[in-house]
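As stored in target25.txt (compact mmCIF, N, CA and C atoms):
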# COMPACT_ATOMS: atom_id res chain seq x y z
N MET A 1 -42.62 15.27 51.49
CA MET A 1 -43.95 14.96 50.98
C MET A 1 -44.31 15.88 49.82
N VAL A 2 -43.97 17.16 49.97
CA VAL A 2 -44.27 18.11 48.91
C VAL A 2 -43.45 17.81 47.67
N ILE A 3 -42.21 17.38 47.87
CA ILE A 3 -41.35 17.05 46.74
C ILE A 3 -41.91 15.86 45.97
N ILE A 4 -42.45 14.88 46.67
CA ILE A 4 -43.02 13.71 46.01
C ILE A 4 -44.24 14.12 45.19
N VAL A 5 -45.07 15.00 45.73
CA VAL A 5 -46.26 15.46 44.99
C VAL A 5 -45.85 16.27 43.76
N LEU A 6 -44.80 17.09 43.91
CA LEU A 6 -44.31 17.85 42.74
C LEU A 6 -43.75 16.92 41.67
N LEU A 7 -43.08 15.86 42.08
CA LEU A 7 -42.60 14.87 41.10
C LEU A 7 -43.76 14.11 40.48
N LEU A 8 -44.85 14.00 41.22
CA LEU A 8 -46.02 13.26 40.76
C LEU A 8 -46.71 14.00 39.61
N VAL A 9 -46.93 15.29 39.75
CA VAL A 9 -47.73 16.01 38.75
C VAL A 9 -46.98 17.15 38.06
N GLY A 10 -45.80 17.51 38.53
CA GLY A 10 -45.07 18.64 37.95
C GLY A 10 -44.75 18.49 36.48
N PRO A 11 -44.04 17.44 36.08
CA PRO A 11 -43.72 17.28 34.66
C PRO A 11 -44.96 17.08 33.79
N ALA A 12 -46.00 16.48 34.33
CA ALA A 12 -47.23 16.29 33.55
C ALA A 12 -47.87 17.64 33.23
N ILE A 13 -47.83 18.57 34.18
CA ILE A 13 -48.36 19.90 33.93
C ILE A 13 -47.52 20.61 32.88
N LEU A 14 -46.20 20.43 32.95
CA LEU A 14 -45.31 21.02 31.95
C LEU A 14 -45.61 20.45 30.56
N PHE A 15 -45.78 19.13 30.46
CA PHE A 15 -46.11 18.51 29.18
C PHE A 15 -47.46 19.00 28.65
N LEU A 16 -48.42 19.21 29.56
CA LEU A 16 -49.73 19.70 29.15
C LEU A 16 -49.63 21.11 28.58
N THR A 17 -48.86 21.98 29.23
CA THR A 17 -48.71 23.34 28.71
C THR A 17 -48.00 23.34 27.36
N LEU A 18 -47.00 22.48 27.19
CA LEU A 18 -46.32 22.40 25.90
C LEU A 18 -47.26 21.86 24.82
N ALA A 19 -48.13 20.94 25.17
CA ALA A 19 -49.09 20.42 24.20
C ALA A 19 -50.10 21.48 23.81
N ILE A 20 -50.56 22.27 24.76
CA ILE A 20 -51.50 23.35 24.45
C ILE A 20 -50.84 24.41 23.58
N ILE A 21 -49.57 24.72 23.86
CA ILE A 21 -48.83 25.67 23.01
C ILE A 21 -48.71 25.10 21.60
N GLY A 22 -48.47 23.80 21.49
CA GLY A 22 -48.40 23.17 20.17
C GLY A 22 -49.72 23.25 19.42
N LEU A 23 -50.83 23.11 20.14
CA LEU A 23 -52.14 23.23 19.48
C LEU A 23 -52.40 24.67 19.03
N ILE A 24 -51.96 25.64 19.84
CA ILE A 24 -52.15 27.04 19.46
C ILE A 24 -51.34 27.38 18.22
N LYS A 25 -50.12 26.81 18.13
CA LYS A 25 -49.25 27.09 16.99
C LYS A 25 -49.57 26.22 15.78
N LYS A 26 -50.62 25.42 15.87
CA LYS A 26 -51.05 24.52 14.80
C LYS A 26 -50.02 23.43 14.47
N ASP A 27 -49.23 23.05 15.48
CA ASP A 27 -48.26 21.96 15.31
C ASP A 27 -48.83 20.72 15.98
N LYS A 28 -49.68 20.01 15.25
CA LYS A 28 -50.41 18.89 15.83
C LYS A 28 -49.51 17.71 16.19
N LYS A 29 -48.41 17.54 15.44
CA LYS A 29 -47.52 16.43 15.73
C LYS A 29 -46.84 16.62 17.09
N MET A 30 -46.38 17.85 17.38
CA MET A 30 -45.76 18.13 18.66
C MET A 30 -46.79 18.02 19.79
N ALA A 31 -47.99 18.53 19.56
CA ALA A 31 -49.03 18.47 20.59
C ALA A 31 -49.39 17.02 20.91
N LYS A 32 -49.51 16.21 19.89
CA LYS A 32 -49.84 14.79 20.11
C LYS A 32 -48.74 14.09 20.89
N LEU A 33 -47.49 14.40 20.56
CA LEU A 33 -46.37 13.79 21.27
C LEU A 33 -46.39 14.16 22.75
N PHE A 34 -46.62 15.43 23.06
CA PHE A 34 -46.62 15.83 24.46
C PHE A 34 -47.86 15.34 25.21
N PHE A 35 -48.99 15.18 24.53
CA PHE A 35 -50.15 14.58 25.20
C PHE A 35 -49.86 13.12 25.55
N ILE A 36 -49.21 12.39 24.65
CA ILE A 36 -48.86 11.00 24.92
C ILE A 36 -47.84 10.92 26.05
N LEU A 37 -46.83 11.78 26.02
CA LEU A 37 -45.83 11.79 27.10
C LEU A 37 -46.48 12.11 28.44
N MET A 38 -47.44 13.03 28.44
CA MET A 38 -48.13 13.38 29.67
C MET A 38 -48.89 12.17 30.22
N GLY A 39 -49.57 11.45 29.35
CA GLY A 39 -50.32 10.27 29.80
C GLY A 39 -49.43 9.18 30.34
N VAL A 40 -48.33 8.92 29.65
CA VAL A 40 -47.40 7.88 30.11
C VAL A 40 -46.77 8.29 31.43
N TYR A 41 -46.37 9.55 31.54
CA TYR A 41 -45.76 10.00 32.78
C TYR A 41 -46.74 9.91 33.95
N LEU A 42 -47.99 10.30 33.73
CA LEU A 42 -48.98 10.20 34.81
C LEU A 42 -49.22 8.76 35.21
N LEU A 43 -49.29 7.87 34.23
CA LEU A 43 -49.51 6.46 34.53
C LEU A 43 -48.38 5.90 35.39
N ILE A 44 -47.16 6.20 35.02
CA ILE A 44 -46.01 5.68 35.77
C ILE A 44 -45.89 6.37 37.12
N SER A 45 -46.05 7.69 37.14
CA SER A 45 -45.86 8.40 38.40
C SER A 45 -46.95 8.09 39.42
N PHE A 46 -48.19 7.92 38.99
CA PHE A 46 -49.22 7.56 39.95
C PHE A 46 -48.99 6.15 40.48
N GLY A 47 -48.37 5.30 39.69
CA GLY A 47 -48.05 3.96 40.17
C GLY A 47 -46.94 3.97 41.19
N ILE A 48 -45.82 4.62 40.85
CA ILE A 48 -44.66 4.60 41.74
C ILE A 48 -44.86 5.53 42.93
N CYS A 49 -45.20 6.79 42.67
CA CYS A 49 -45.37 7.74 43.77
C CYS A 49 -46.63 7.42 44.58
N GLY A 50 -47.62 6.85 43.95
CA GLY A 50 -48.82 6.47 44.68
C GLY A 50 -48.53 5.39 45.70
N ILE A 51 -47.66 4.46 45.34
CA ILE A 51 -47.26 3.42 46.29
C ILE A 51 -46.47 4.03 47.43
N MET A 52 -45.59 4.98 47.12
CA MET A 52 -44.81 5.62 48.18
C MET A 52 -45.70 6.46 49.09
N LEU A 53 -46.68 7.15 48.53
CA LEU A 53 -47.54 7.99 49.35
C LEU A 53 -48.49 7.18 50.21
N SER A 54 -48.90 6.01 49.73
CA SER A 54 -49.82 5.19 50.52
C SER A 54 -49.10 4.27 51.49
N ASN A 55 -47.76 4.32 51.49
CA ASN A 55 -46.94 3.51 52.39
C ASN A 55 -47.22 2.02 52.20
N PHE A 56 -47.33 1.62 50.95
CA PHE A 56 -47.61 0.24 50.58
C PHE A 56 -46.30 -0.53 50.51
N THR A 57 -46.28 -1.72 51.08
CA THR A 57 -45.07 -2.53 51.01
C THR A 57 -45.36 -3.81 50.24
N LEU A 58 -44.35 -4.33 49.62
CA LEU A 58 -44.49 -5.57 48.86
C LEU A 58 -43.84 -6.73 49.61
N ASP A 59 -44.18 -6.87 50.87
CA ASP A 59 -43.65 -7.97 51.66
C ASP A 59 -44.37 -9.26 51.26
N THR A 60 -43.59 -10.26 50.93
CA THR A 60 -44.18 -11.54 50.52
C THR A 60 -43.83 -12.63 51.53
N LYS A 61 -43.82 -12.26 52.79
CA LYS A 61 -43.48 -13.26 53.83
C LYS A 61 -44.62 -14.19 54.09

Show me the file's structure as structure tokens.
Amino acid sequence: MVIIVLLLVGPAILFLTLAIIGLIKKDKKMAKLFFILMGVYLLISFGICGIMLSNFTLDTK
């Protein structure tokens, strides 16, 4: 369970810190890229890991 939660938000936190470092260094292109990657990763991970955490099944019987 803990591993799933770490996969859920771990890389997003890493991308956020890299984006903030990019803003501090005045590299707006890098910061923008990591903010976009963070958003896409959160969108996908909350979809996939959220389904696994809620024990949702796609049974179409």

Inset, instruction - List the neighbours of A:Ile13 out to 12 Å using only C-alpha atoms; skip same-chain residues closer than 6 positions along the sequence, and give me the result as number ranges by chain. - result: A: 6-7, 19-20, 34-35, 37-39, 41-42

Quick one: write out the picked residues with N, CA and C atoms as a compact mmCIF listing (two decimals), keeping the file's coordinate frame?
# COMPACT_ATOMS: atom_id res chain seq x y z
N LEU A 6 -44.80 17.09 43.91
CA LEU A 6 -44.31 17.85 42.74
C LEU A 6 -43.75 16.92 41.67
N LEU A 7 -43.08 15.86 42.08
CA LEU A 7 -42.60 14.87 41.10
C LEU A 7 -43.76 14.11 40.48
N ALA A 19 -48.13 20.94 25.17
CA ALA A 19 -49.09 20.42 24.20
C ALA A 19 -50.10 21.48 23.81
N ILE A 20 -50.56 22.27 24.76
CA ILE A 20 -51.50 23.35 24.45
C ILE A 20 -50.84 24.41 23.58
N PHE A 34 -46.62 15.43 23.06
CA PHE A 34 -46.62 15.83 24.46
C PHE A 34 -47.86 15.34 25.21
N PHE A 35 -48.99 15.18 24.53
CA PHE A 35 -50.15 14.58 25.20
C PHE A 35 -49.86 13.12 25.55
N LEU A 37 -46.83 11.78 26.02
CA LEU A 37 -45.83 11.79 27.10
C LEU A 37 -46.48 12.11 28.44
N MET A 38 -47.44 13.03 28.44
CA MET A 38 -48.13 13.38 29.67
C MET A 38 -48.89 12.17 30.22
N GLY A 39 -49.57 11.45 29.35
CA GLY A 39 -50.32 10.27 29.80
C GLY A 39 -49.43 9.18 30.34
N TYR A 41 -46.37 9.55 31.54
CA TYR A 41 -45.76 10.00 32.78
C TYR A 41 -46.74 9.91 33.95
N LEU A 42 -47.99 10.30 33.73
CA LEU A 42 -48.98 10.20 34.81
C LEU A 42 -49.22 8.76 35.21

Inset, instruction - Mind listing the helix (DSSP H, G or I) residues of chain A, per DSSP on the backbone, as a PyMOL selection string? - result: chain A and resi 2-24+28-53

Legend entry - Separation of atom CA of A:Met1 from atom CA of A:Ile44 in Å: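 Between atom CA of A:Ile44 and atom CA of A:Met1 the gap works out to 17.9 Å.
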
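Comparing the minimum interatomic distances between A:Ala31 and each of A:Ile3, A:Ile48, A:Leu18, A:Leu43, counting all atoms listed in the file, we find that A:Leu18 sits nearest.
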
Legend entry - Atomic distance atom CA of A:Val5 - atom CA of A:Gly47, expressed in Å with one decimal: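 Separating atom CA of A:Val5 from atom CA of A:Gly47 is a distance of 12.6 Å.
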
Inset, instruction - Report the distance between atom N of A:Leu53 and atom C of A:Leu16 in Å, rounded to one decimal place. - result: 24.5 Å

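Around A:Lys32, within 9 Å and counting only C-alpha atoms, the residues found are Ala19, Gly22, Leu23, Asp27, Lys28, Ile36 and Leu37 of chain A, once anything fewer than 4 positions away on its own chain is removed.
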
Legend entry - Distance criterion (only C-alpha atoms): nearest to A:Ser45 out of A:Val2, A:Ile21, A:Lys26, A:Val9: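 That would be A:Val9, the residue with the smallest distance to A:Ser45.
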